$ cat entry09.txt   # compact mmCIF, C-alpha atoms
# COMPACT_ATOMS: atom_id res chain seq x y z
CA MET L 1178 0.00 0.00 0.00
CA LYS L 1179 1.31 3.41 -0.91
CA GLY L 1180 1.42 6.00 1.86
CA LEU L 1181 3.66 7.93 4.21
CA LYS L 1182 5.87 5.26 5.78
CA ILE L 1183 8.29 5.38 8.70
CA MET L 1184 11.62 4.51 7.08
CA SER L 1185 13.74 4.94 10.21
CA TYR L 1186 13.57 6.44 13.66
CA CYS L 1187 15.85 7.37 16.52
CA ARG L 1188 14.98 7.97 20.16
CA ILE L 1189 17.35 9.93 22.39
CA THR L 1190 16.72 10.28 26.12
CA ASP L 1191 18.98 11.11 29.07
CA ALA L 1192 19.82 7.41 29.36
CA SER L 1193 20.41 6.11 25.86
CA VAL L 1194 20.05 6.29 22.10
CA ILE L 1195 17.72 3.79 20.50
CA PHE L 1196 17.96 3.22 16.77
CA TYR L 1197 15.99 0.51 15.00
CA ASP L 1198 14.74 -0.96 18.32
CA ARG L 1199 18.29 -1.36 19.56
CA GLU L 1200 20.17 0.58 22.22
CA VAL L 1201 23.17 1.87 20.27
CA VAL L 1202 24.69 4.30 22.78
CA VAL L 1203 24.24 4.28 26.55
CA TYR L 1204 25.03 7.24 28.80
CA ASN L 1205 28.30 6.74 30.64
CA PRO L 1206 28.35 8.75 33.89
CA LYS L 1207 32.11 8.17 34.22
CA ASP L 1208 32.81 9.83 30.88
CA GLU L 1209 33.77 13.49 31.37
CA ASP L 1210 32.22 14.45 28.04
CA PRO L 1211 28.66 15.81 28.09
CA TRP L 1212 26.05 13.26 27.00
CA LEU L 1213 25.48 14.74 23.54
CA LEU L 1214 29.22 14.77 22.86
CA GLN L 1215 29.40 11.14 24.01
CA ILE L 1216 26.83 10.29 21.32
CA TYR L 1217 28.69 12.32 18.68
CA LYS L 1218 31.92 10.47 19.41
CA ALA L 1219 30.28 7.05 19.71
CA LYS L 1220 28.70 7.48 16.28
CA ASP L 1221 32.04 8.65 14.84
CA ILE L 1222 30.49 11.76 13.31
CA HIS L 1223 32.78 14.41 11.78
CA TYR L 1224 31.02 17.75 11.48
CA PRO L 1225 33.00 20.55 13.19
CA LYS L 1226 29.95 22.85 13.22
CA PHE L 1227 28.36 20.48 15.74
CA HIS L 1228 30.59 21.93 18.45
CA LYS L 1229 29.28 25.43 17.78
CA MET L 1230 25.63 24.46 18.12
CA ASP L 1231 23.53 24.93 21.23
CA ASN L 1232 22.29 21.79 22.97
CA LEU L 1233 18.86 21.83 21.31
CA CYS L 1234 20.45 21.82 17.85
CA LYS L 1235 22.97 19.18 18.92
CA ALA L 1236 20.16 16.91 20.11
CA GLY L 1237 18.09 17.28 16.93
CA PHE L 1238 21.17 17.10 14.73
CA LEU L 1239 22.25 13.78 16.28
CA GLY L 1240 18.79 12.29 15.79
CA ALA L 1241 18.69 13.41 12.18
CA GLU L 1242 22.22 12.18 11.61
CA MET L 1243 21.11 8.66 12.46
CA VAL L 1244 17.81 8.56 10.59
CA VAL L 1245 18.92 10.22 7.35
CA ASN L 1246 21.82 7.84 6.76
CA ASP L 1247 22.64 9.37 3.40
CA ASP L 1248 26.11 10.54 2.48
CA SER L 1249 25.13 11.82 -0.94
CA GLN L 1250 26.04 15.43 -1.56
CA GLU L 1251 23.08 16.00 -3.85
CA ASN L 1252 20.44 18.59 -3.05
CA LYS L 1253 17.30 16.94 -1.76
CA GLU L 1254 14.65 19.04 -3.49
CA ASN L 1255 11.68 16.90 -2.42
CA TRP L 1256 12.67 16.57 1.23
CA ALA L 1257 11.45 18.69 4.16
CA VAL L 1258 12.36 19.16 7.83
CA VAL L 1259 9.60 19.52 10.42
CA THR L 1260 10.49 19.68 14.10
CA PHE L 1261 8.48 20.20 17.27
CA ASN L 1262 9.30 20.91 20.89
CA ARG L 1263 7.99 22.39 24.10
CA SER L 1264 10.75 24.65 25.42
CA SER L 1265 11.58 26.42 22.18
CA SER L 1266 15.16 27.75 22.49
CA LEU L 1267 14.75 28.63 26.17
CA ASP L 1268 17.85 26.69 27.19
CA ASP L 1269 20.01 28.83 24.91
CA ASP L 1270 18.04 32.00 25.73
CA THR L 1271 19.05 31.49 29.37
CA SER L 1272 22.71 31.14 28.39
CA TYR L 1273 22.47 34.29 26.32
CA GLN L 1274 20.85 36.22 29.16
CA LYS L 1275 23.86 35.43 31.34
CA THR L 1276 26.07 37.30 28.86
CA ILE L 1277 23.99 40.49 29.14
CA GLU L 1278 22.64 40.60 32.69
CA ASN L 1279 25.65 42.28 34.29
CA ALA L 1280 26.06 45.90 33.23
CA ASP L 1281 29.71 45.89 34.38
CA ASN L 1282 30.51 42.80 32.35
CA TYR L 1283 28.25 43.33 29.37
CA PHE L 1284 29.52 41.21 26.48
CA PRO L 1285 26.64 39.81 24.41
CA ALA L 1286 27.88 36.58 22.82
CA PRO L 1287 27.06 36.53 19.08
CA SER L 1288 27.59 32.77 18.81
CA VAL L 1289 25.07 32.16 21.61
CA PHE L 1290 22.63 34.74 20.25
CA VAL L 1291 22.32 33.02 16.87
CA TYR L 1292 20.72 30.02 18.55
CA THR L 1293 18.04 32.00 20.37
CA LEU L 1294 15.44 30.88 17.84
CA PRO L 1295 14.12 27.31 17.79
CA ASN L 1296 13.80 27.12 14.01
CA ILE L 1297 17.59 27.23 13.79
CA LEU L 1298 17.27 23.54 14.67
CA SER L 1299 15.36 22.65 11.50
CA GLY L 1300 17.71 24.93 9.55
CA GLU L 1301 20.82 23.16 10.85
CA ILE L 1302 19.39 19.79 9.83
CA ALA L 1303 18.43 21.12 6.39
CA ILE L 1304 21.93 22.57 5.84
CA ARG L 1305 23.68 19.40 6.95
CA HIS L 1306 21.68 17.13 4.65
CA LYS L 1307 21.10 19.56 1.78
CA ILE L 1308 17.35 19.41 2.28
CA MET L 1309 15.88 22.07 0.02
CA GLY L 1310 12.13 21.75 0.70
CA GLU L 1311 10.12 23.15 3.60
CA SER L 1312 11.89 23.78 6.91
CA VAL L 1313 9.63 24.49 9.86
CA HIS L 1314 9.58 24.28 13.65
CA TYR L 1315 6.45 24.16 15.82
CA ILE L 1316 6.27 24.87 19.54
CA THR L 1317 3.59 22.87 21.31
CA LYS L 1318 2.57 22.50 24.93
CA GLU L 1319 3.55 18.84 25.04
CA PHE L 1320 4.55 15.95 22.80
CA SER L 1321 1.69 15.27 20.41
CA ALA L 1322 1.73 12.32 18.01
CA GLU L 1323 -1.46 13.75 16.48
CA ARG L 1324 0.19 17.02 15.56
CA ILE L 1325 3.29 15.35 14.14
CA CYS L 1326 1.17 12.98 12.06
CA GLU L 1327 -1.05 15.81 10.85
CA ALA L 1328 1.82 18.15 9.94
CA PHE L 1329 3.75 15.45 8.07
CA ASN L 1330 0.68 14.31 6.12
CA ASP L 1331 -0.29 17.89 5.27
CA LEU L 1332 3.14 18.58 3.92
CA ALA L 1333 3.24 15.45 1.78
CA SER L 1334 -0.31 15.93 0.51
CA ASP L 1335 0.51 18.26 -2.38
CA GLY L 1336 2.89 15.75 -3.95
CA LYS L 1337 5.92 18.07 -3.96
CA ILE L 1338 7.46 16.66 -0.78
CA ASP L 1339 8.09 12.91 -0.66
CA THR L 1340 10.43 12.61 2.33
CA ILE L 1341 10.29 14.32 5.72
CA VAL L 1342 12.90 14.33 8.45
CA GLY L 1343 11.72 15.51 11.82
CA GLY L 1344 9.69 14.89 14.92
CA TRP L 1345 10.17 15.90 18.53
CA ALA L 1346 13.44 17.52 19.69
CA GLU L 1347 13.45 18.88 23.21
CA TYR L 1348 16.39 20.07 25.29
CA PHE L 1349 16.07 22.04 28.50
CA GLN L 1350 18.18 22.33 31.64
CA GLY L 1351 20.33 19.32 30.90
CA HIS L 1352 17.53 16.98 29.83
CA VAL L 1353 17.16 15.66 26.31
CA ASP L 1354 14.13 14.04 24.72
CA VAL L 1355 14.16 13.33 21.00
CA LEU L 1356 12.10 11.23 18.63
CA MET L 1357 13.44 11.79 15.15
CA LEU L 1358 11.80 10.14 12.17
CA LYS L 1359 12.45 9.80 8.49
CA VAL L 1360 9.21 9.22 6.62
CA SER L 1361 8.76 8.73 2.89
CA VAL L 1362 5.92 8.29 0.46
CA ASN L 1363 6.50 4.84 -1.00
CA GLU L 1364 5.23 1.31 -1.38
CA GLU L 1365 7.85 -0.46 0.72
CA ASP L 1366 6.73 -2.84 3.42
CA LYS L 1367 7.26 -0.41 6.29
CA GLN L 1368 5.14 0.93 9.14
CA LEU L 1369 2.60 3.52 8.07
CA LEU L 1370 2.88 6.92 9.70
CA THR L 1371 -0.04 6.79 12.11
CA ILE L 1372 -0.67 8.34 15.51
CA ASN L 1373 -0.46 4.92 17.16
CA ASN L 1374 2.80 4.01 15.45
CA ILE L 1375 4.38 7.34 16.47
CA LEU L 1376 3.19 6.77 20.05
CA LYS L 1377 4.71 3.28 20.09
CA LEU L 1378 8.10 4.69 19.10
CA TRP L 1379 7.78 7.52 21.63
CA LYS L 1380 7.19 5.04 24.44
CA ILE L 1381 9.96 2.68 23.43
CA MET M 1183 55.12 37.90 21.11
CA GLU M 1184 55.32 34.10 20.89
CA ASP M 1185 53.49 33.84 24.22
CA LEU M 1186 50.73 36.09 22.95
CA VAL M 1187 50.42 34.11 19.71
CA LEU M 1188 50.00 30.87 21.69
CA GLU M 1189 47.57 32.54 24.10
CA LEU M 1190 45.50 33.80 21.15
CA LYS M 1191 45.42 30.38 19.52
CA LYS M 1192 44.11 28.85 22.75
CA LYS M 1193 41.51 31.59 23.18
CA ILE M 1194 40.32 31.30 19.58
CA ILE M 1195 39.88 27.53 20.00
CA GLU M 1196 37.97 28.03 23.25
CA VAL M 1197 35.79 30.98 22.21
CA LEU M 1198 34.93 29.59 18.78
CA ASN M 1199 34.44 26.00 20.02
CA LEU M 1200 36.98 24.57 17.59
CA GLU M 1201 36.98 21.28 19.48
CA GLU M 1202 38.81 19.31 16.83
CA VAL M 1203 41.63 21.87 16.43
CA LYS M 1204 44.81 22.08 18.53
CA PRO M 1205 46.99 25.21 18.90
CA GLU M 1206 49.78 23.58 16.89
CA ASP M 1207 47.32 23.02 14.01
CA ILE M 1208 46.95 26.79 13.56
CA ASN M 1209 49.57 28.44 11.39
CA GLU M 1210 50.00 31.94 12.82
CA ASN M 1211 50.30 33.40 9.31
CA ALA M 1212 47.43 31.46 7.73
CA PRO M 1213 44.19 33.30 6.88
CA LEU M 1214 41.57 33.01 9.62
CA PHE M 1215 38.64 33.39 7.23
CA GLY M 1216 37.77 31.64 3.99
CA GLU M 1217 40.59 29.15 3.64
CA GLY M 1218 42.77 28.39 6.67
CA LEU M 1219 40.54 27.96 9.71
CA GLY M 1220 37.44 28.69 7.64
CA LEU M 1221 35.81 30.98 10.19
CA ASP M 1222 32.47 32.66 9.42
CA SER M 1223 30.84 36.02 10.14
CA ILE M 1224 29.59 34.98 13.59
CA ASP M 1225 33.14 33.93 14.47
CA ALA M 1226 34.29 37.40 13.40
CA LEU M 1227 31.85 38.96 15.87
CA GLU M 1228 33.14 36.66 18.62
CA LEU M 1229 36.71 37.78 17.87
CA ILE M 1230 35.63 41.41 18.17
CA VAL M 1231 34.11 40.62 21.59
CA LEU M 1232 37.29 38.77 22.60
CA MET M 1233 39.45 41.79 21.70
CA GLU M 1234 37.33 44.08 23.85
CA LYS M 1235 36.76 41.73 26.76
CA ASP M 1236 40.31 40.42 27.19
CA TYR M 1237 42.47 43.21 25.79
CA GLY M 1238 40.32 46.35 26.15
CA ILE M 1239 40.40 47.05 22.41
CA LYS M 1240 37.26 48.42 20.77
CA LEU M 1241 37.11 47.80 17.04
CA ALA M 1242 34.54 50.22 15.70
CA ASN M 1243 35.79 50.28 12.12
CA ALA M 1244 34.84 47.19 10.08
CA ALA M 1245 37.46 47.95 7.43
CA ALA M 1246 40.22 48.01 10.06
CA GLY M 1247 38.92 44.69 11.37
CA ARG M 1248 39.61 43.10 8.01
CA ASP M 1249 43.32 43.82 8.42
CA VAL M 1250 43.44 42.96 12.12
CA PHE M 1251 41.81 39.55 11.63
CA LYS M 1252 43.89 38.44 8.65
CA SER M 1253 45.76 35.93 10.79
CA VAL M 1254 46.70 35.15 14.38
CA LYS M 1255 49.96 37.04 13.79
CA THR M 1256 48.19 40.24 12.66
CA MET M 1257 45.87 39.98 15.65
CA ALA M 1258 48.83 39.62 18.00
CA ASP M 1259 50.59 42.62 16.40
CA TYR M 1260 47.48 44.78 16.78
CA ILE M 1261 46.93 43.73 20.39
CA THR M 1262 50.55 44.46 21.29
CA ALA M 1263 50.25 47.97 19.86
CA ASN M 1264 46.79 48.84 21.20
CA ARG M 1265 45.98 46.84 24.33
CA THR M 1266 44.69 48.60 27.43
CA LYS M 1267 44.41 45.44 29.55
$ encode --input "entry09.txt" --output "structure tokens"
Amino acid sequence: MKGLKIMSYCRITDASVIFYDREVVVYNPKDEDPWLLQIYKAKDIHYPKFHKMDNLCKAGFLGAEMVVNDDSQENKENWAVVTFNRSSSLDDDTSYQKTIENADNYFPAPSVFVYTLPNILSGEIAIRHKIMGESVHYITKEFSAERICEAFNDLASDGKIDTIVGGWAEYFQGHVDVLMLKVSVNEEDKQLLTINNILKLWKI
Amino acid sequence: MEDLVLELKKKIIEVLNLEEVKPEDINENAPLFGEGLGLDSIDALELIVLMEKDYGIKLANAAAGRDVFKSVKTMADYITANRTK
């Protein structure tokens, strides 16, 4: 049956990274590296810009890195990025505020400021994977499989977009919660993108 | 001057989050932007902040900045001549 199918998914929590139903990286409390850097190193990723990103972008980037799994350098005209979260860029906003709250030590940090918008997350993913279609970020009160399903289906409904990378990417005060999906319109024998199937992956 | 060059290399790595770069990887005469370290416009703004915060140098003129930030060596020369901290 043709439809929007879940081609791959990745779940990142404070404890582990799950990819294709398997725990592929587990948080090591003895490792001095921050958790997101532990994942970056464990997956042997080489993308220097990662180190400049705020934690929200790092979290979403890592999820996308695993689900896209495409080293081609071609522009992906029919692909889109759609991300959701609850805390917007508040984690980075707080960091930025620290650089401007003291009048005697007032040095606004440009590199922190650039991440004080949540849609930078979808932009970073689009740049990394040369995704040329829609790039959008939604802020919602809580994780909603309904909204993800609806937004992905809406986007694919006009026939111009056939692959979407995205899902939930939340980072706030040291806690990470990501469900990144790659969905495509095709006839392969894969799970359909449904509210229930998204919920199953969220609860994994 | 050599001490300042090394200090600058370390600060640039720290401030610009160049995690995969070591001080010895940076040629003090190599261009900082474009080729060389491949820094971007946001990095340029961070270098301007660094100059003011750590050396008390305010760079108000963008054209002058182009010459100052040619390389680590030109930065070190400018700091030596103009620092107030």
$ closest_atom_pairs --input "entry09.txt" --of "chain L" --to "chain M" --cutoff "9 Å" --atoms "all atoms listed in the file" --output "CSV"
residue,atom,partner,partner_atom,distance
L:Pro1225,CA,M:Glu1202,CA,7.0
L:Lys1226,CA,M:Leu1200,CA,8.5
L:His1228,CA,M:Asn1199,CA,5.8
L:Lys1229,CA,M:Asn1199,CA,5.7
L:Asn1282,CA,M:Lys1235,CA,8.5
L:Phe1284,CA,M:Val1231,CA,6.7
L:Pro1285,CA,M:Val1231,CA,8.0
L:Ala1286,CA,M:Glu1228,CA,6.7
L:Pro1287,CA,M:Glu1228,CA,6.1
L:Ser1288,CA,M:Ile1224,CA,6.0
L:Val1291,CA,M:Ile1224,CA,8.2
$ write_last_selection --input "entry09.txt" --atoms "C-alpha atoms" --output "short mmCIF file (atom, residue, chain, number, x, y, z; two decimals), in the frame of the given file"
data_model
loop_
_atom_site.label_atom_id
_atom_site.label_comp_id
_atom_site.auth_asym_id
_atom_site.auth_seq_id
_atom_site.Cartn_x
_atom_site.Cartn_y
_atom_site.Cartn_z
CA PRO L 1225 33.00 20.55 13.19
CA LYS L 1226 29.95 22.85 13.22
CA HIS L 1228 30.59 21.93 18.45
CA LYS L 1229 29.28 25.43 17.78
CA ASN L 1282 30.51 42.80 32.35
CA PHE L 1284 29.52 41.21 26.48
CA PRO L 1285 26.64 39.81 24.41
CA ALA L 1286 27.88 36.58 22.82
CA PRO L 1287 27.06 36.53 19.08
CA SER L 1288 27.59 32.77 18.81
CA VAL L 1291 22.32 33.02 16.87
#
$ residues_around --input "entry09.txt" --residues "L:Glu1327" --least-positions-apart "5" --cutoff "9 Å" --atoms "all atoms listed in the file" --output "JSON, numbers by chain"
{"L": [1322, 1332, 1372]}
$ atom_distance --input "entry09.txt" --atom1 "atom CA of L:Thr1317" --atom2 "atom CA of L:Phe1261"
6.9 Å
$ atom_distance --input "entry09.txt" --atom1 "atom CA of L:Thr1340" --atom2 "atom CA of L:His1314"
16.3 Å
$ residues_around --input "entry09.txt" --residues "M:Val1250" --least-positions-apart "2" --cutoff "12 Å" --atoms "only C-alpha atoms" --output "JSON, numbers by chain"
{"M": [1213, 1214, 1215, 1226, 1229, 1230, 1233, 1239, 1240, 1241, 1243, 1244, 1245, 1246, 1247, 1248, 1252, 1253, 1254, 1255, 1256, 1257, 1258, 1259, 1260, 1261, 1262, 1263, 1264]}
$ atom_distance --input "entry09.txt" --atom1 "atom CA of L:Asp1331" --atom2 "atom CA of L:Glu1251"
25.2 Å
$ axis_aligned_box --input "entry09.txt" --around "stretch 1273-1277 of chain L" --padding-each-side "3 Å" --output "AutoDock Vina command-line options"
--center_x 23.5 --center_y 37.4 --center_z 28.8 --size_x 11.2 --size_y 12.2 --size_z 11.0
$ residues_around --input "entry09.txt" --residues "L:Val1342" --least-positions-apart "4" --cutoff "7 Å" --atoms "all atoms listed in the file" --output "list in words"
Ala1241, Ala1257, Val1258, Val1259, Leu1358, Lys1359 and Val1360 of chain L
$ residues_near_point --input "entry09.txt" --point "(0.2, 6.9, 21.6)" --cutoff "12 Å" --atoms "all atoms listed in the file" --output "ChimeraX atom specification"
/L:1320-1326,1371-1381
$ residues_around --input "entry09.txt" --residues "L:Gly1240" --least-positions-apart "2" --cutoff "12 Å" --atoms "only C-alpha atoms" --output "JSON, numbers by chain"
{"L": [1185, 1186, 1187, 1188, 1189, 1190, 1193, 1194, 1195, 1196, 1213, 1216, 1217, 1220, 1222, 1233, 1234, 1235, 1236, 1237, 1238, 1242, 1243, 1244, 1245, 1246, 1260, 1298, 1299, 1302, 1342, 1343, 1344, 1345, 1346, 1347, 1353, 1354, 1355, 1356, 1357, 1358, 1359]}
$ build_atoms --input "entry09.txt" --residues "stretch 1238-1261 of chain M" --atoms "N, CA and C atoms" --output "PDB file, in the coordinates of the input"
ATOM      1  N   GLY M1238      40.787  44.952  26.060  1.00  0.00           N
ATOM      2  CA  GLY M1238      40.320  46.350  26.150  1.00  0.00           C
ATOM      3  C   GLY M1238      40.408  47.104  24.839  1.00  0.00           C
ATOM      4  N   ILE M1239      40.313  46.390  23.725  1.00  0.00           N
ATOM      5  CA  ILE M1239      40.400  47.050  22.410  1.00  0.00           C
ATOM      6  C   ILE M1239      39.022  47.079  21.752  1.00  0.00           C
ATOM      7  N   LYS M1240      38.544  48.297  21.447  1.00  0.00           N
ATOM      8  CA  LYS M1240      37.260  48.420  20.770  1.00  0.00           C
ATOM      9  C   LYS M1240      37.505  48.597  19.277  1.00  0.00           C
ATOM     10  N   LEU M1241      36.953  47.688  18.487  1.00  0.00           N
ATOM     11  CA  LEU M1241      37.110  47.800  17.040  1.00  0.00           C
ATOM     12  C   LEU M1241      35.812  48.328  16.440  1.00  0.00           C
ATOM     13  N   ALA M1242      35.780  49.623  16.205  1.00  0.00           N
ATOM     14  CA  ALA M1242      34.540  50.220  15.700  1.00  0.00           C
ATOM     15  C   ALA M1242      34.513  50.227  14.170  1.00  0.00           C
ATOM     16  N   ASN M1243      35.676  50.164  13.575  1.00  0.00           N
ATOM     17  CA  ASN M1243      35.790  50.280  12.120  1.00  0.00           C
ATOM     18  C   ASN M1243      35.893  48.902  11.462  1.00  0.00           C
ATOM     19  N   ALA M1244      34.860  48.526  10.699  1.00  0.00           N
ATOM     20  CA  ALA M1244      34.840  47.190  10.080  1.00  0.00           C
ATOM     21  C   ALA M1244      35.999  46.998   9.108  1.00  0.00           C
ATOM     22  N   ALA M1245      36.366  48.063   8.412  1.00  0.00           N
ATOM     23  CA  ALA M1245      37.460  47.950   7.430  1.00  0.00           C
ATOM     24  C   ALA M1245      38.781  47.643   8.135  1.00  0.00           C
ATOM     25  N   ALA M1246      38.994  48.272   9.290  1.00  0.00           N
ATOM     26  CA  ALA M1246      40.220  48.010  10.060  1.00  0.00           C
ATOM     27  C   ALA M1246      40.232  46.566  10.532  1.00  0.00           C
ATOM     28  N   GLY M1247      39.042  46.077  10.893  1.00  0.00           N
ATOM     29  CA  GLY M1247      38.920  44.690  11.370  1.00  0.00           C
ATOM     30  C   GLY M1247      39.408  43.697  10.339  1.00  0.00           C
ATOM     31  N   ARG M1248      39.183  43.998   9.082  1.00  0.00           N
ATOM     32  CA  ARG M1248      39.610  43.100   8.010  1.00  0.00           C
ATOM     33  C   ARG M1248      41.121  42.871   8.057  1.00  0.00           C
ATOM     34  N   ASP M1249      41.865  43.946   8.338  1.00  0.00           N
ATOM     35  CA  ASP M1249      43.320  43.820   8.420  1.00  0.00           C
ATOM     36  C   ASP M1249      43.743  43.146   9.725  1.00  0.00           C
ATOM     37  N   VAL M1250      43.070  43.513  10.803  1.00  0.00           N
ATOM     38  CA  VAL M1250      43.440  42.960  12.120  1.00  0.00           C
ATOM     39  C   VAL M1250      43.252  41.448  12.142  1.00  0.00           C
ATOM     40  N   PHE M1251      42.149  40.971  11.544  1.00  0.00           N
ATOM     41  CA  PHE M1251      41.810  39.550  11.630  1.00  0.00           C
ATOM     42  C   PHE M1251      42.320  38.722  10.443  1.00  0.00           C
ATOM     43  N   LYS M1252      43.346  39.216   9.769  1.00  0.00           N
ATOM     44  CA  LYS M1252      43.890  38.440   8.650  1.00  0.00           C
ATOM     45  C   LYS M1252      44.442  37.108   9.128  1.00  0.00           C
ATOM     46  N   SER M1253      45.142  37.141  10.259  1.00  0.00           N
ATOM     47  CA  SER M1253      45.760  35.930  10.790  1.00  0.00           C
ATOM     48  C   SER M1253      45.987  36.100  12.288  1.00  0.00           C
ATOM     49  N   VAL M1254      46.404  35.051  12.941  1.00  0.00           N
ATOM     50  CA  VAL M1254      46.700  35.150  14.380  1.00  0.00           C
ATOM     51  C   VAL M1254      47.847  36.149  14.594  1.00  0.00           C
ATOM     52  N   LYS M1255      48.798  36.143  13.674  1.00  0.00           N
ATOM     53  CA  LYS M1255      49.960  37.040  13.790  1.00  0.00           C
ATOM     54  C   LYS M1255      49.511  38.510  13.712  1.00  0.00           C
ATOM     55  N   THR M1256      48.628  38.839  12.768  1.00  0.00           N
ATOM     56  CA  THR M1256      48.190  40.240  12.660  1.00  0.00           C
ATOM     57  C   THR M1256      47.362  40.650  13.878  1.00  0.00           C
ATOM     58  N   MET M1257      46.623  39.702  14.418  1.00  0.00           N
ATOM     59  CA  MET M1257      45.870  39.980  15.650  1.00  0.00           C
ATOM     60  C   MET M1257      46.828  40.285  16.794  1.00  0.00           C
ATOM     61  N   ALA M1258      47.857  39.442  16.907  1.00  0.00           N
ATOM     62  CA  ALA M1258      48.830  39.620  18.000  1.00  0.00           C
ATOM     63  C   ALA M1258      49.562  40.963  17.862  1.00  0.00           C
ATOM     64  N   ASP M1259      49.917  41.332  16.638  1.00  0.00           N
ATOM     65  CA  ASP M1259      50.590  42.620  16.400  1.00  0.00           C
ATOM     66  C   ASP M1259      49.694  43.777  16.838  1.00  0.00           C
ATOM     67  N   TYR M1260      48.419  43.696  16.472  1.00  0.00           N
ATOM     68  CA  TYR M1260      47.480  44.780  16.780  1.00  0.00           C
ATOM     69  C   TYR M1260      47.252  44.881  18.287  1.00  0.00           C
ATOM     70  N   ILE M1261      47.138  43.736  18.931  1.00  0.00           N
ATOM     71  CA  ILE M1261      46.930  43.730  20.390  1.00  0.00           C
ATOM     72  C   ILE M1261      48.141  44.335  21.100  1.00  0.00           C
TER      73      ILE M1261
END
